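Heads up, coords16.txt below (compact mmCIF, C-alpha atoms (C1' of nucleotides)):
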```
# COMPACT_ATOMS: atom_id res chain seq x y z
CA MET G 20 51.82 1.07 -32.75
CA LEU G 21 52.24 4.53 -31.30
CA PRO G 22 49.43 6.05 -29.27
CA GLU G 23 47.24 8.54 -31.13
CA SER G 24 48.29 12.17 -30.61
CA GLN G 25 45.77 14.70 -29.37
CA ALA G 26 45.78 16.44 -32.74
CA GLU G 27 45.10 13.15 -34.50
CA SER G 28 42.24 12.33 -32.18
CA HIS G 29 40.77 15.80 -32.77
CA ALA G 30 41.01 15.28 -36.49
CA ARG G 31 39.38 11.87 -36.28
CA SER G 32 36.42 13.02 -34.20
CA CYS G 33 36.04 16.06 -36.43
CA ASN G 34 35.96 13.78 -39.45
CA GLU G 35 33.25 11.67 -37.84
CA THR G 36 31.13 14.69 -36.92
CA ILE G 37 31.39 16.08 -40.44
CA SER G 38 30.63 12.71 -42.04
CA GLN G 39 27.57 12.25 -39.87
CA LYS G 40 26.13 15.42 -41.35
CA GLY G 41 26.78 14.12 -44.85
CA PHE G 42 29.77 16.35 -45.55
CA ARG G 43 33.27 15.34 -46.55
CA PHE G 44 36.32 16.08 -44.46
CA THR G 45 38.27 17.74 -47.27
CA ALA G 46 41.78 19.16 -47.06
CA GLN G 47 40.32 22.67 -47.05
CA ARG G 48 37.95 21.95 -44.19
CA ARG G 49 40.71 20.25 -42.27
CA GLU G 50 43.09 23.18 -42.61
CA VAL G 51 40.44 25.73 -41.67
CA PHE G 52 39.56 23.67 -38.61
CA ASP G 53 43.22 23.20 -37.71
CA ALA G 54 43.88 26.94 -38.01
CA LEU G 55 41.09 27.66 -35.55
CA GLN G 56 42.31 24.97 -33.18
CA ALA G 57 45.91 26.15 -33.35
CA GLN G 58 45.49 29.86 -32.72
CA ARG G 59 42.51 30.73 -30.59
CA ASP G 60 42.49 34.47 -31.03
CA HIS G 61 39.06 34.63 -32.68
CA PRO G 62 40.23 35.33 -36.23
CA THR G 63 38.00 36.73 -38.95
CA ALA G 64 37.39 34.82 -42.17
CA VAL G 65 40.18 36.83 -43.82
CA ASP G 66 42.57 36.02 -40.95
CA VAL G 67 41.78 32.33 -41.37
CA PHE G 68 42.21 32.67 -45.13
CA MET G 69 45.70 34.12 -44.70
CA ARG G 70 46.72 31.42 -42.22
CA VAL G 71 45.39 28.55 -44.30
CA GLN G 72 47.07 29.90 -47.44
CA LYS G 73 50.42 28.90 -45.96
CA LYS G 74 49.36 25.25 -46.13
CA LEU G 75 47.05 25.44 -49.16
CA PRO G 76 48.28 28.29 -51.36
CA GLY G 77 45.49 27.77 -53.90
CA ILE G 78 42.56 28.10 -51.50
CA SER G 79 40.05 30.85 -52.15
CA LEU G 80 38.37 33.16 -49.68
CA ALA G 81 34.96 31.87 -50.77
CA THR G 82 36.07 28.37 -49.80
CA VAL G 83 37.18 29.60 -46.39
CA TYR G 84 33.74 31.13 -45.92
CA ASN G 85 32.16 27.86 -47.04
CA CYS G 86 34.32 25.80 -44.71
CA LEU G 87 33.62 28.09 -41.78
CA GLU G 88 29.91 27.79 -42.44
CA THR G 89 30.07 24.03 -42.73
CA LEU G 90 32.13 23.69 -39.56
CA THR G 91 29.75 26.03 -37.75
CA GLU G 92 26.78 24.01 -38.97
CA CYS G 93 28.44 20.85 -37.69
CA GLY G 94 28.94 22.52 -34.31
CA LEU G 95 32.72 22.17 -34.50
CA VAL G 96 33.36 25.90 -34.30
CA ARG G 97 31.30 28.94 -33.39
CA ALA G 98 30.76 32.23 -35.11
CA VAL G 99 30.97 35.16 -32.72
CA HIS G 100 29.70 38.64 -33.36
CA HIS G 101 29.99 42.12 -32.00
CA ASP G 102 28.00 45.01 -33.38
CA ARG G 103 28.25 44.71 -37.14
CA GLN G 104 31.93 43.94 -37.18
CA PRO G 105 33.18 41.04 -39.28
CA SER G 106 32.29 37.62 -37.91
CA ARG G 107 34.98 35.95 -35.87
CA TYR G 108 35.40 32.25 -35.28
CA CYS G 109 36.04 30.34 -32.11
CA ALA G 110 37.02 26.72 -31.55
CA ASN G 111 36.12 26.81 -27.86
CA LEU G 112 32.93 24.79 -27.53
CA GLU G 113 32.55 25.23 -23.79
CA PRO G 114 29.79 27.61 -22.73
CA HIS G 115 31.30 31.07 -22.60
CA ALA G 116 30.79 34.72 -23.50
CA HIS G 117 33.20 37.10 -25.24
CA PHE G 118 34.99 40.29 -24.35
CA PHE G 119 35.92 42.71 -27.12
CA CYS G 120 38.58 45.30 -26.38
CA GLU G 121 37.57 48.49 -28.16
CA GLU G 122 41.17 49.76 -28.14
CA CYS G 123 43.21 46.87 -29.54
CA GLY G 124 40.42 44.81 -31.06
CA ALA G 125 41.39 41.67 -29.15
CA VAL G 126 38.67 39.19 -28.33
CA HIS G 127 38.87 37.04 -25.23
CA ASP G 128 36.77 34.13 -24.04
CA VAL G 129 34.80 34.85 -20.89
CA PRO G 130 34.02 31.70 -18.95
CA PRO G 131 31.01 31.66 -16.67
CA GLY G 132 31.58 32.05 -12.93
CA ASP G 133 31.53 29.21 -10.45
CA ASP G 134 27.81 29.61 -9.89
CA GLY G 135 27.16 28.23 -13.34
CA LEU G 136 25.73 29.81 -16.44
CA ALA G 137 24.61 33.39 -16.02
CA THR G 138 22.07 33.07 -18.80
CA ALA G 139 19.29 32.16 -16.41
CA GLY G 140 17.40 34.95 -14.74
CA TRP G 141 15.81 36.50 -17.80
CA GLN G 142 12.09 36.91 -18.35
CA LEU G 143 12.02 35.30 -21.78
CA PRO G 144 8.87 35.59 -23.90
CA GLN G 145 6.13 33.15 -22.84
CA GLY G 146 6.45 29.88 -24.72
CA ALA G 147 9.59 30.82 -26.59
CA THR G 148 12.12 28.14 -27.44
CA ILE G 149 15.76 29.20 -27.22
CA THR G 150 18.07 27.62 -29.75
CA HIS G 151 21.04 29.94 -29.32
CA HIS G 152 22.30 32.79 -27.24
CA GLU G 153 25.22 35.15 -27.42
CA ILE G 154 26.65 37.35 -24.70
CA SER G 155 29.24 39.95 -25.45
CA PHE G 156 31.03 42.52 -23.38
CA ARG G 157 32.89 45.51 -24.72
CA GLY G 158 35.44 47.70 -22.98
CA GLN G 159 39.13 48.15 -22.44
CA CYS G 160 41.41 45.26 -21.61
CA ALA G 161 43.99 45.62 -18.85
CA GLU G 162 46.89 46.06 -21.30
CA CYS G 163 45.18 48.93 -23.11
CA ALA G 164 44.12 50.60 -19.88
CA ALA G 165 47.74 50.48 -18.66
CA GLN G 166 49.02 51.91 -21.93
CA ARG G 167 46.54 54.78 -21.63
CA GLN G 168 47.75 55.64 -18.14
CA LYS G 169 51.34 55.96 -19.33
CA SER G 170 50.71 58.31 -22.25
CA MET A 2 -1.70 76.77 -18.76
CA LEU A 3 -2.22 73.11 -19.52
CA PRO A 4 0.07 70.52 -17.96
CA GLU A 5 2.86 69.25 -20.20
CA SER A 6 1.99 66.04 -22.03
CA GLN A 7 4.23 63.01 -21.76
CA ALA A 8 5.25 63.34 -25.39
CA GLU A 9 6.18 66.98 -24.84
CA SER A 10 8.25 66.19 -21.78
CA HIS A 11 10.03 63.46 -23.70
CA ALA A 12 10.82 65.86 -26.51
CA ARG A 13 12.09 68.48 -24.06
CA SER A 14 14.44 66.16 -22.21
CA CYS A 15 15.61 64.72 -25.51
CA ASN A 16 16.36 68.23 -26.72
CA GLU A 17 18.37 68.91 -23.56
CA THR A 18 20.36 65.69 -23.85
CA ILE A 19 21.19 66.37 -27.48
CA SER A 20 22.14 69.99 -26.80
CA GLN A 21 24.44 68.96 -23.97
CA LYS A 22 26.44 66.92 -26.44
CA GLY A 23 26.69 69.92 -28.76
CA PHE A 24 24.17 68.66 -31.30
CA ARG A 25 21.01 70.36 -32.50
CA PHE A 26 17.56 68.89 -32.07
CA THR A 27 16.62 69.15 -35.73
CA ALA A 28 13.31 68.17 -37.29
CA GLN A 29 14.94 65.03 -38.72
CA ARG A 30 16.35 63.93 -35.38
CA ARG A 31 13.05 64.64 -33.70
CA GLU A 32 11.07 62.55 -36.16
CA VAL A 33 13.53 59.66 -36.02
CA PHE A 34 13.38 59.72 -32.25
CA ASP A 35 9.59 59.99 -32.27
CA ALA A 36 9.31 57.05 -34.64
CA LEU A 37 11.34 54.88 -32.29
CA GLN A 38 9.32 56.05 -29.29
CA ALA A 39 6.01 55.46 -31.03
CA GLN A 40 6.49 51.94 -32.36
CA ARG A 41 8.80 49.82 -30.27
CA ASP A 42 9.21 46.88 -32.58
CA HIS A 43 12.96 47.28 -33.06
CA PRO A 44 12.89 48.65 -36.60
CA THR A 45 15.86 48.65 -38.93
CA ALA A 46 17.22 51.89 -40.38
CA VAL A 47 15.14 51.31 -43.50
CA ASP A 48 12.00 50.72 -41.42
CA VAL A 49 12.62 54.01 -39.61
CA PHE A 50 13.27 55.70 -42.94
CA MET A 51 9.90 54.57 -44.30
CA ARG A 52 8.07 55.67 -41.17
CA VAL A 53 9.71 59.08 -40.98
CA GLN A 54 9.08 59.72 -44.68
CA LYS A 55 5.37 60.10 -43.86
CA LYS A 56 6.20 63.19 -41.81
CA LEU A 57 9.27 64.40 -43.72
CA PRO A 58 8.89 63.24 -47.32
CA GLY A 59 12.23 64.74 -48.33
CA ILE A 60 14.41 62.94 -45.79
CA SER A 61 17.18 60.69 -47.07
CA LEU A 62 18.25 57.28 -45.83
CA ALA A 63 21.73 58.62 -45.10
CA THR A 64 20.19 61.21 -42.81
CA VAL A 65 18.23 58.52 -41.00
CA TYR A 66 21.50 56.66 -40.46
CA ASN A 67 23.12 59.86 -39.22
CA CYS A 68 20.25 60.60 -36.87
CA LEU A 69 20.26 57.07 -35.50
CA GLU A 70 23.97 57.32 -34.86
CA THR A 71 23.65 60.69 -33.16
CA LEU A 72 20.76 59.52 -30.99
CA THR A 73 22.70 56.37 -30.11
CA GLU A 74 25.75 58.44 -29.21
CA CYS A 75 23.59 60.61 -26.98
CA GLY A 76 22.28 57.50 -25.27
CA LEU A 77 18.70 58.23 -26.27
CA VAL A 78 18.28 55.01 -28.24
CA ARG A 79 20.19 51.77 -28.53
CA ALA A 80 21.43 49.84 -31.50
CA VAL A 81 20.78 46.13 -31.16
CA HIS A 82 22.43 43.42 -33.16
CA HIS A 83 22.06 39.77 -33.93
CA ASP A 84 24.58 37.88 -35.99
CA ARG A 85 25.33 40.10 -38.94
CA GLN A 86 21.76 41.06 -39.59
CA PRO A 87 20.89 44.72 -40.13
CA SER A 88 21.12 46.87 -37.00
CA ARG A 89 17.87 47.44 -35.21
CA TYR A 90 17.03 50.32 -32.92
CA CYS A 91 15.41 50.33 -29.53
CA ALA A 92 14.05 53.23 -27.47
CA ASN A 93 13.90 51.15 -24.30
CA LEU A 94 16.72 52.41 -22.09
CA GLU A 95 16.05 50.05 -19.19
CA PRO A 96 18.56 47.22 -18.81
CA HIS A 97 17.33 44.36 -20.94
CA ALA A 98 18.37 41.68 -23.43
CA HIS A 99 16.73 40.79 -26.75
CA PHE A 100 15.01 37.76 -28.18
CA PHE A 101 15.06 37.24 -31.95
CA CYS A 102 12.52 34.88 -33.44
CA GLU A 103 14.21 33.01 -36.26
CA GLU A 104 10.86 32.23 -37.89
CA CYS A 105 9.06 35.56 -38.08
CA GLY A 106 11.99 37.89 -37.46
CA ALA A 107 10.31 39.63 -34.56
CA VAL A 108 12.50 41.10 -31.84
CA HIS A 109 11.29 41.32 -28.26
CA ASP A 110 12.74 43.00 -25.22
CA VAL A 111 13.80 40.56 -22.51
CA PRO A 112 13.76 42.17 -19.07
CA PRO A 113 16.00 40.76 -16.37
CA GLY A 114 14.46 38.51 -13.73
CA ASP A 115 13.60 39.63 -10.23
CA ASP A 116 17.03 38.69 -8.96
CA GLY A 117 18.48 41.63 -10.86
CA LEU A 118 20.84 41.80 -13.77
CA ALA A 119 22.11 38.45 -15.00
CA THR A 120 25.34 39.94 -16.32
CA ALA A 121 27.21 39.22 -13.13
CA GLY A 122 28.73 35.79 -12.74
CA TRP A 123 31.25 35.98 -15.55
CA GLN A 124 35.00 35.64 -15.16
CA LEU A 125 35.87 38.78 -17.07
CA PRO A 126 39.50 39.41 -18.04
CA GLN A 127 41.61 40.72 -15.15
CA GLY A 128 41.56 44.49 -15.04
CA ALA A 129 39.16 44.92 -17.93
CA THR A 130 36.74 47.84 -17.90
CA ILE A 131 33.30 47.09 -19.31
CA THR A 132 31.63 49.94 -21.15
CA HIS A 133 28.90 48.00 -22.87
CA HIS A 134 27.33 44.58 -23.03
CA GLU A 135 24.80 42.92 -25.24
CA ILE A 136 22.86 39.76 -24.60
CA SER A 137 20.79 38.15 -27.28
CA PHE A 138 18.70 35.03 -27.47
CA ARG A 139 17.51 33.34 -30.62
CA GLY A 140 14.77 30.81 -31.08
CA GLN A 141 11.10 30.46 -31.91
CA CYS A 142 8.47 32.66 -30.36
CA ALA A 143 5.25 31.12 -29.04
CA GLU A 144 3.19 32.28 -32.05
CA CYS A 145 5.56 30.66 -34.54
CA ALA A 146 5.79 27.45 -32.52
CA ALA A 147 1.97 27.24 -32.47
CA GLN A 148 1.75 27.85 -36.21
CA ARG A 149 4.26 25.06 -36.81
CA GLN A 150 2.20 22.61 -34.77
CA LYS A 151 -0.90 23.28 -36.87
CA SER A 152 0.69 22.76 -40.29
C1' DT V 6 35.76 2.99 -65.94
C1' DT V 7 31.76 5.73 -66.09
C1' DT V 8 28.48 8.31 -63.73
C1' DT V 9 27.01 11.03 -60.12
C1' DT V 10 27.46 14.31 -56.61
C1' DA V 11 29.90 17.34 -53.59
C1' DT V 12 33.25 20.70 -53.43
C1' DT V 13 36.25 24.30 -54.97
C1' DT V 14 37.58 28.41 -57.48
C1' DA V 15 37.28 33.01 -59.43
C1' DG V 16 34.84 36.58 -60.04
C1' DA V 17 30.41 38.92 -60.11
C1' DA V 18 26.70 40.36 -57.28
C1' DT V 19 24.46 41.82 -53.05
C1' DA V 20 23.21 44.45 -48.92
C1' DG V 21 23.90 47.31 -45.20
C1' DT V 22 26.30 51.08 -44.16
C1' DT V 23 29.50 54.95 -44.64
C1' DC V 24 31.63 58.58 -47.19
C1' DT V 25 31.85 62.70 -50.25
C1' DT V 26 30.33 66.79 -52.09
C1' DG V 27 27.69 70.58 -52.57
C1' DA V 28 23.48 72.80 -50.82
C1' DT V 29 20.82 74.39 -46.79
C1' DA V 30 19.73 76.03 -42.37
C1' DG V 31 20.37 77.67 -37.83
C1' DC V 32 23.11 80.57 -34.58
C1' DG V 33 25.99 84.43 -32.81
C1' DT V 34 27.63 88.88 -33.83
C1' DC V 35 27.73 93.23 -35.77
C1' DG P 9 18.22 92.35 -40.42
C1' DA P 10 22.77 91.20 -42.83
C1' DC P 11 26.90 88.53 -42.40
C1' DG P 12 29.82 84.80 -41.61
C1' DC P 13 30.47 80.41 -39.28
C1' DT P 14 29.43 75.75 -38.49
C1' DA P 15 26.34 71.92 -38.26
C1' DT P 16 23.36 69.38 -40.85
C1' DC P 17 21.22 67.47 -44.85
C1' DA P 18 20.49 65.18 -49.52
C1' DA P 19 21.96 62.41 -53.31
C1' DG P 20 24.54 59.32 -54.93
C1' DA P 21 29.03 57.05 -55.10
C1' DA P 22 31.93 54.05 -52.57
C1' DC P 23 33.03 50.54 -49.36
C1' DT P 24 33.16 45.98 -47.13
C1' DA P 25 31.76 41.63 -45.54
C1' DT P 26 29.52 38.13 -47.38
C1' DT P 27 26.96 35.31 -50.72
C1' DC P 28 25.99 33.72 -55.23
C1' DT P 29 27.01 31.79 -59.93
C1' DA P 30 29.07 29.05 -63.20
C1' DA P 31 32.54 26.26 -64.62
C1' DA P 32 36.23 23.12 -63.17
C1' DT P 33 37.78 19.53 -60.11
C1' DA P 34 37.74 15.75 -57.05
C1' DA P 35 35.82 12.22 -54.54
C1' DA P 36 32.42 8.48 -54.11
C1' DA P 37 29.17 5.26 -56.17
C1' DA P 38 27.83 2.19 -59.64
```
Please re-express this file's structure in structure tokens.
Amino acid sequence: MLPESQAESHARSCNETISQKGFRFTAQRREVFDALQAQRDHPTAVDVFMRVQKKLPGISLATVYNCLETLTECGLVRAVHHDRQPSRYCANLEPHAHFFCEECGAVHDVPPGDDGLATAGWQLPQGATITHHEISFRGQCAECAAQRQKS
Amino acid sequence: MLPESQAESHARSCNETISQKGFRFTAQRREVFDALQAQRDHPTAVDVFMRVQKKLPGISLATVYNCLETLTECGLVRAVHHDRQPSRYCANLEPHAHFFCEECGAVHDVPPGDDGLATAGWQLPQGATITHHEISFRGQCAECAAQRQKS
DNA sequence: TTTTTATTTAGAATAGTTCTTGATAGCGTC
DNA sequence: GACGCTATCAAGAACTATTCTAAATAAAAA
């Protein structure tokens, strides 16, 4: 018997996580998850929809939204936001922030520095319980800055 | 001659800032700005609309949106976001993050700790220029946690 | 198999925000 | 002060991301 590939092991553990929450690991959910795993450029729901359509031509956008919500609820992917722009989705589960380039619209993961998470050091409201936090940076990425210089 | 009140000095410097950008300090902009100064509970555009209507009954929601955008562009107020919820507006120009209570919907300012801004310590993309950042926490505030305990 | 329940689809509905158009108001100049 | 110019405003239509609804389908349970 051949050893399990990384993709297969991902799929299996994803299946387990989803099942534990009482959901089914349907073809649609699998393809949405796979799309996010495969191309980690923080696609919007519509981006995911277009990618998954190649594998499942009959899928609907509403289903993609449903799958993304389910996967998010299961903690298998994350929704990331910037201003009121469309939600984007991220399969990176490590603690990290995001950088949004205001020129090209690219979104990059921003890992914390070596000194650990930079989310400490805030005077949070007395007695508050934090369940979630989101850190986003906006600016120009190096590529766009270079392009600007030229023109 | 009486000394200038704090409110008057605010209005004057606001006028100057707006003029510098080539905008006029109209009655609508003044009232929108005043509303945000007066009640710092991070109101939505509709909240601001309802408050300003008491002073300017004829104002339209679109105008409130326009004023908020202009004031934001002038750096006199800040738009704050959480997930894809309606934008909220904040007259606090000091560096700070925000805490959103997922029970009662309240939004609180979160000042940085004594060790200064906690936005350092991130491995930002090489060569990127940061023009803006937003840090938001979500959870339960002390009041809501207490209420939960009781029931 | 039959029943039950979750899921999907397609399209309608929703909500926050922006856009469009015509009216209004303030400013500089004569 | 009258005139023309431009910014601003009001009202409502339009837009867009997302959610909801209802009927169809598919998977699991009995």
After fit on chain A (all C-alpha, ordered pairs), chain G as a short mmCIF file (atom, residue, chain, number, x, y, z; two decimals) with C-alpha atoms, keeping the file's coordinate frame:
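As a result, out_31.cif now contains:
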```cif
data_model
loop_
_atom_site.label_atom_id
_atom_site.label_comp_id
_atom_site.auth_asym_id
_atom_site.auth_seq_id
_atom_site.Cartn_x
_atom_site.Cartn_y
_atom_site.Cartn_z
CA MET G 20 -1.68 76.89 -19.03
CA LEU G 21 -2.23 73.23 -19.79
CA PRO G 22 0.00 70.64 -18.18
CA GLU G 23 2.80 69.31 -20.38
CA SER G 24 1.92 66.05 -22.15
CA GLN G 25 4.18 63.04 -21.78
CA ALA G 26 5.24 63.32 -25.41
CA GLU G 27 6.13 66.97 -24.92
CA SER G 28 8.17 66.21 -21.83
CA HIS G 29 9.99 63.45 -23.72
CA ALA G 30 10.76 65.85 -26.51
CA ARG G 31 12.01 68.49 -24.11
CA SER G 32 14.35 66.18 -22.22
CA CYS G 33 15.56 64.73 -25.51
CA ASN G 34 16.31 68.23 -26.72
CA GLU G 35 18.30 68.95 -23.57
CA THR G 36 20.30 65.72 -23.83
CA ILE G 37 21.14 66.40 -27.47
CA SER G 38 22.06 70.03 -26.78
CA GLN G 39 24.35 69.03 -23.95
CA LYS G 40 26.38 66.98 -26.41
CA GLY G 41 26.63 69.97 -28.73
CA PHE G 42 24.13 68.70 -31.28
CA ARG G 43 20.98 70.38 -32.52
CA PHE G 44 17.54 68.93 -32.07
CA THR G 45 16.58 69.15 -35.74
CA ALA G 46 13.26 68.14 -37.28
CA GLN G 47 14.92 65.03 -38.71
CA ARG G 48 16.34 63.95 -35.37
CA ARG G 49 13.03 64.63 -33.69
CA GLU G 50 11.06 62.52 -36.16
CA VAL G 51 13.53 59.64 -36.01
CA PHE G 52 13.37 59.71 -32.22
CA ASP G 53 9.57 59.96 -32.26
CA ALA G 54 9.30 57.00 -34.64
CA LEU G 55 11.34 54.86 -32.26
CA GLN G 56 9.31 56.01 -29.28
CA ALA G 57 6.00 55.41 -31.03
CA GLN G 58 6.50 51.90 -32.35
CA ARG G 59 8.83 49.79 -30.27
CA ASP G 60 9.25 46.85 -32.57
CA HIS G 61 13.00 47.27 -33.04
CA PRO G 62 12.92 48.63 -36.59
CA THR G 63 15.92 48.67 -38.91
CA ALA G 64 17.26 51.92 -40.33
CA VAL G 65 15.20 51.32 -43.48
CA ASP G 66 12.05 50.72 -41.40
CA VAL G 67 12.65 54.00 -39.59
CA PHE G 68 13.31 55.71 -42.92
CA MET G 69 9.96 54.56 -44.29
CA ARG G 70 8.09 55.64 -41.16
CA VAL G 71 9.73 59.05 -40.97
CA GLN G 72 9.10 59.69 -44.67
CA LYS G 73 5.40 60.05 -43.87
CA LYS G 74 6.20 63.15 -41.81
CA LEU G 75 9.27 64.37 -43.71
CA PRO G 76 8.91 63.20 -47.32
CA GLY G 77 12.26 64.73 -48.32
CA ILE G 78 14.42 62.94 -45.76
CA SER G 79 17.20 60.73 -47.03
CA LEU G 80 18.30 57.34 -45.79
CA ALA G 81 21.77 58.71 -45.05
CA THR G 82 20.18 61.27 -42.74
CA VAL G 83 18.25 58.54 -40.94
CA TYR G 84 21.53 56.70 -40.42
CA ASN G 85 23.11 59.92 -39.17
CA CYS G 86 20.24 60.64 -36.81
CA LEU G 87 20.26 57.10 -35.45
CA GLU G 88 23.98 57.38 -34.81
CA THR G 89 23.63 60.74 -33.12
CA LEU G 90 20.75 59.55 -30.95
CA THR G 91 22.69 56.41 -30.06
CA GLU G 92 25.73 58.51 -29.17
CA CYS G 93 23.55 60.67 -26.94
CA GLY G 94 22.25 57.53 -25.23
CA LEU G 95 18.66 58.25 -26.24
CA VAL G 96 18.26 55.04 -28.21
CA ARG G 97 20.21 51.80 -28.50
CA ALA G 98 21.45 49.86 -31.46
CA VAL G 99 20.80 46.15 -31.13
CA HIS G 100 22.45 43.42 -33.12
CA HIS G 101 22.05 39.78 -33.92
CA ASP G 102 24.56 37.88 -36.00
CA ARG G 103 25.34 40.12 -38.94
CA GLN G 104 21.77 41.11 -39.59
CA PRO G 105 20.95 44.77 -40.10
CA SER G 106 21.16 46.88 -36.96
CA ARG G 107 17.90 47.47 -35.18
CA TYR G 108 17.06 50.34 -32.88
CA CYS G 109 15.42 50.36 -29.51
CA ALA G 110 14.05 53.22 -27.43
CA ASN G 111 13.89 51.14 -24.25
CA LEU G 112 16.71 52.41 -22.05
CA GLU G 113 16.06 50.05 -19.16
CA PRO G 114 18.58 47.24 -18.79
CA HIS G 115 17.36 44.36 -20.92
CA ALA G 116 18.37 41.69 -23.41
CA HIS G 117 16.72 40.79 -26.73
CA PHE G 118 15.00 37.77 -28.17
CA PHE G 119 15.06 37.24 -31.93
CA CYS G 120 12.50 34.89 -33.42
CA GLU G 121 14.20 33.03 -36.25
CA GLU G 122 10.84 32.25 -37.89
CA CYS G 123 9.06 35.61 -38.07
CA GLY G 124 12.00 37.91 -37.45
CA ALA G 125 10.31 39.66 -34.53
CA VAL G 126 12.50 41.10 -31.82
CA HIS G 127 11.28 41.32 -28.25
CA ASP G 128 12.75 42.99 -25.19
CA VAL G 129 13.81 40.57 -22.48
CA PRO G 130 13.78 42.16 -19.05
CA PRO G 131 16.02 40.74 -16.37
CA GLY G 132 14.46 38.51 -13.71
CA ASP G 133 13.61 39.62 -10.21
CA ASP G 134 17.04 38.67 -8.95
CA GLY G 135 18.53 41.58 -10.83
CA LEU G 136 20.88 41.74 -13.76
CA ALA G 137 22.10 38.38 -14.99
CA THR G 138 25.28 39.88 -16.36
CA ALA G 139 27.21 39.17 -13.19
CA GLY G 140 28.76 35.77 -12.79
CA TRP G 141 31.25 35.91 -15.63
CA GLN G 142 35.00 35.53 -15.26
CA LEU G 143 35.90 38.68 -17.16
CA PRO G 144 39.53 39.27 -18.16
CA GLN G 145 41.68 40.55 -15.27
CA GLY G 146 41.65 44.33 -15.16
CA ALA G 147 39.24 44.78 -18.02
CA THR G 148 36.85 47.72 -18.00
CA ILE G 149 33.39 47.02 -19.38
CA THR G 150 31.76 49.88 -21.23
CA HIS G 151 28.97 47.94 -22.92
CA HIS G 152 27.40 44.55 -23.08
CA GLU G 153 24.82 42.89 -25.27
CA ILE G 154 22.86 39.73 -24.62
CA SER G 155 20.78 38.14 -27.30
CA PHE G 156 18.68 35.03 -27.47
CA ARG G 157 17.50 33.35 -30.63
CA GLY G 158 14.73 30.81 -31.08
CA GLN G 159 11.08 30.46 -31.89
CA CYS G 160 8.45 32.68 -30.34
CA ALA G 161 5.24 31.16 -29.01
CA GLU G 162 3.18 32.31 -32.02
CA CYS G 163 5.53 30.67 -34.51
CA ALA G 164 5.77 27.48 -32.49
CA ALA G 165 1.96 27.26 -32.44
CA GLN G 166 1.75 27.86 -36.18
CA ARG G 167 4.25 25.05 -36.75
CA GLN G 168 2.18 22.61 -34.72
CA LYS G 169 -0.90 23.27 -36.84
CA SER G 170 0.69 22.74 -40.25
#
```
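Residues surrounding DA34 (chain P) within 12 Å are Arg43, Thr45 and Ala46 of chain G; DT10, DA11, DT12 and DT13 of chain V; DA32 and DA36 of chain P [only C-alpha atoms (C1' of nucleotides); sequence separation below 2 positions excluded].
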Within 6 Å of Ala110 (chain G), counting all atoms listed in the file, which residues show up once you throw out same-chain ones fewer than 4 positions away? Write them as an mmCIF file with C-alpha atoms, keeping the file's coordinate frame, please.
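Saved file result.cif follows:
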```
data_model
loop_
_atom_site.group_PDB
_atom_site.id
_atom_site.type_symbol
_atom_site.label_atom_id
_atom_site.label_comp_id
_atom_site.auth_asym_id
_atom_site.auth_seq_id
_atom_site.Cartn_x
_atom_site.Cartn_y
_atom_site.Cartn_z
ATOM 1 C CA LEU G 55 41.090 27.660 -35.550
ATOM 2 C CA GLN G 56 42.310 24.970 -33.180
ATOM 3 C CA VAL G 96 33.360 25.900 -34.300
#
```
Worksheet item: Can you tell me, as JSON, numbers by chain, which residues sit within 9 Å of (24.4, 9.6, -62.4) in the file's frame, using all atoms listed in the file?
Response: {"V": [8, 9, 10], "P": [37, 38]}
Would you list which chain G residues are within 9 Å of chain P using all atoms listed in the file, as an mmCIF file with C-alpha atoms, in the coordinates of the input?
```
data_model
loop_
_atom_site.group_PDB
_atom_site.id
_atom_site.type_symbol
_atom_site.label_atom_id
_atom_site.label_comp_id
_atom_site.auth_asym_id
_atom_site.auth_seq_id
_atom_site.Cartn_x
_atom_site.Cartn_y
_atom_site.Cartn_z
ATOM 1 C CA ARG G 43 33.270 15.340 -46.550
ATOM 2 C CA ALA G 81 34.960 31.870 -50.770
ATOM 3 C CA TYR G 84 33.740 31.130 -45.920
ATOM 4 C CA GLN G 104 31.930 43.940 -37.180
ATOM 5 C CA PRO G 105 33.180 41.040 -39.280
ATOM 6 C CA SER G 106 32.290 37.620 -37.910
#
```
| Using all atoms listed in the file, which residues sit within 8 Å of Asp128 (chain G) once same-chain residues fewer than 3 positions away are excluded, as a VMD selection string? | chain G and resid 115 to 118
CA of His61 (chain G) sits from CA of Gln168 (chain G) at a separation of 27.0 Å
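Between C1' of DA18 (chain V) and CA of Pro44 (chain A) there is a distance of 26.2 Å.
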message = Using all atoms listed in the file and a cut-off of 6 Å, which residues of chain G sit close to chain A? Please list them as an MDAnalysis selection string.
response = chainID G and resid 100 102:103 129:132 137 140:143 146:161
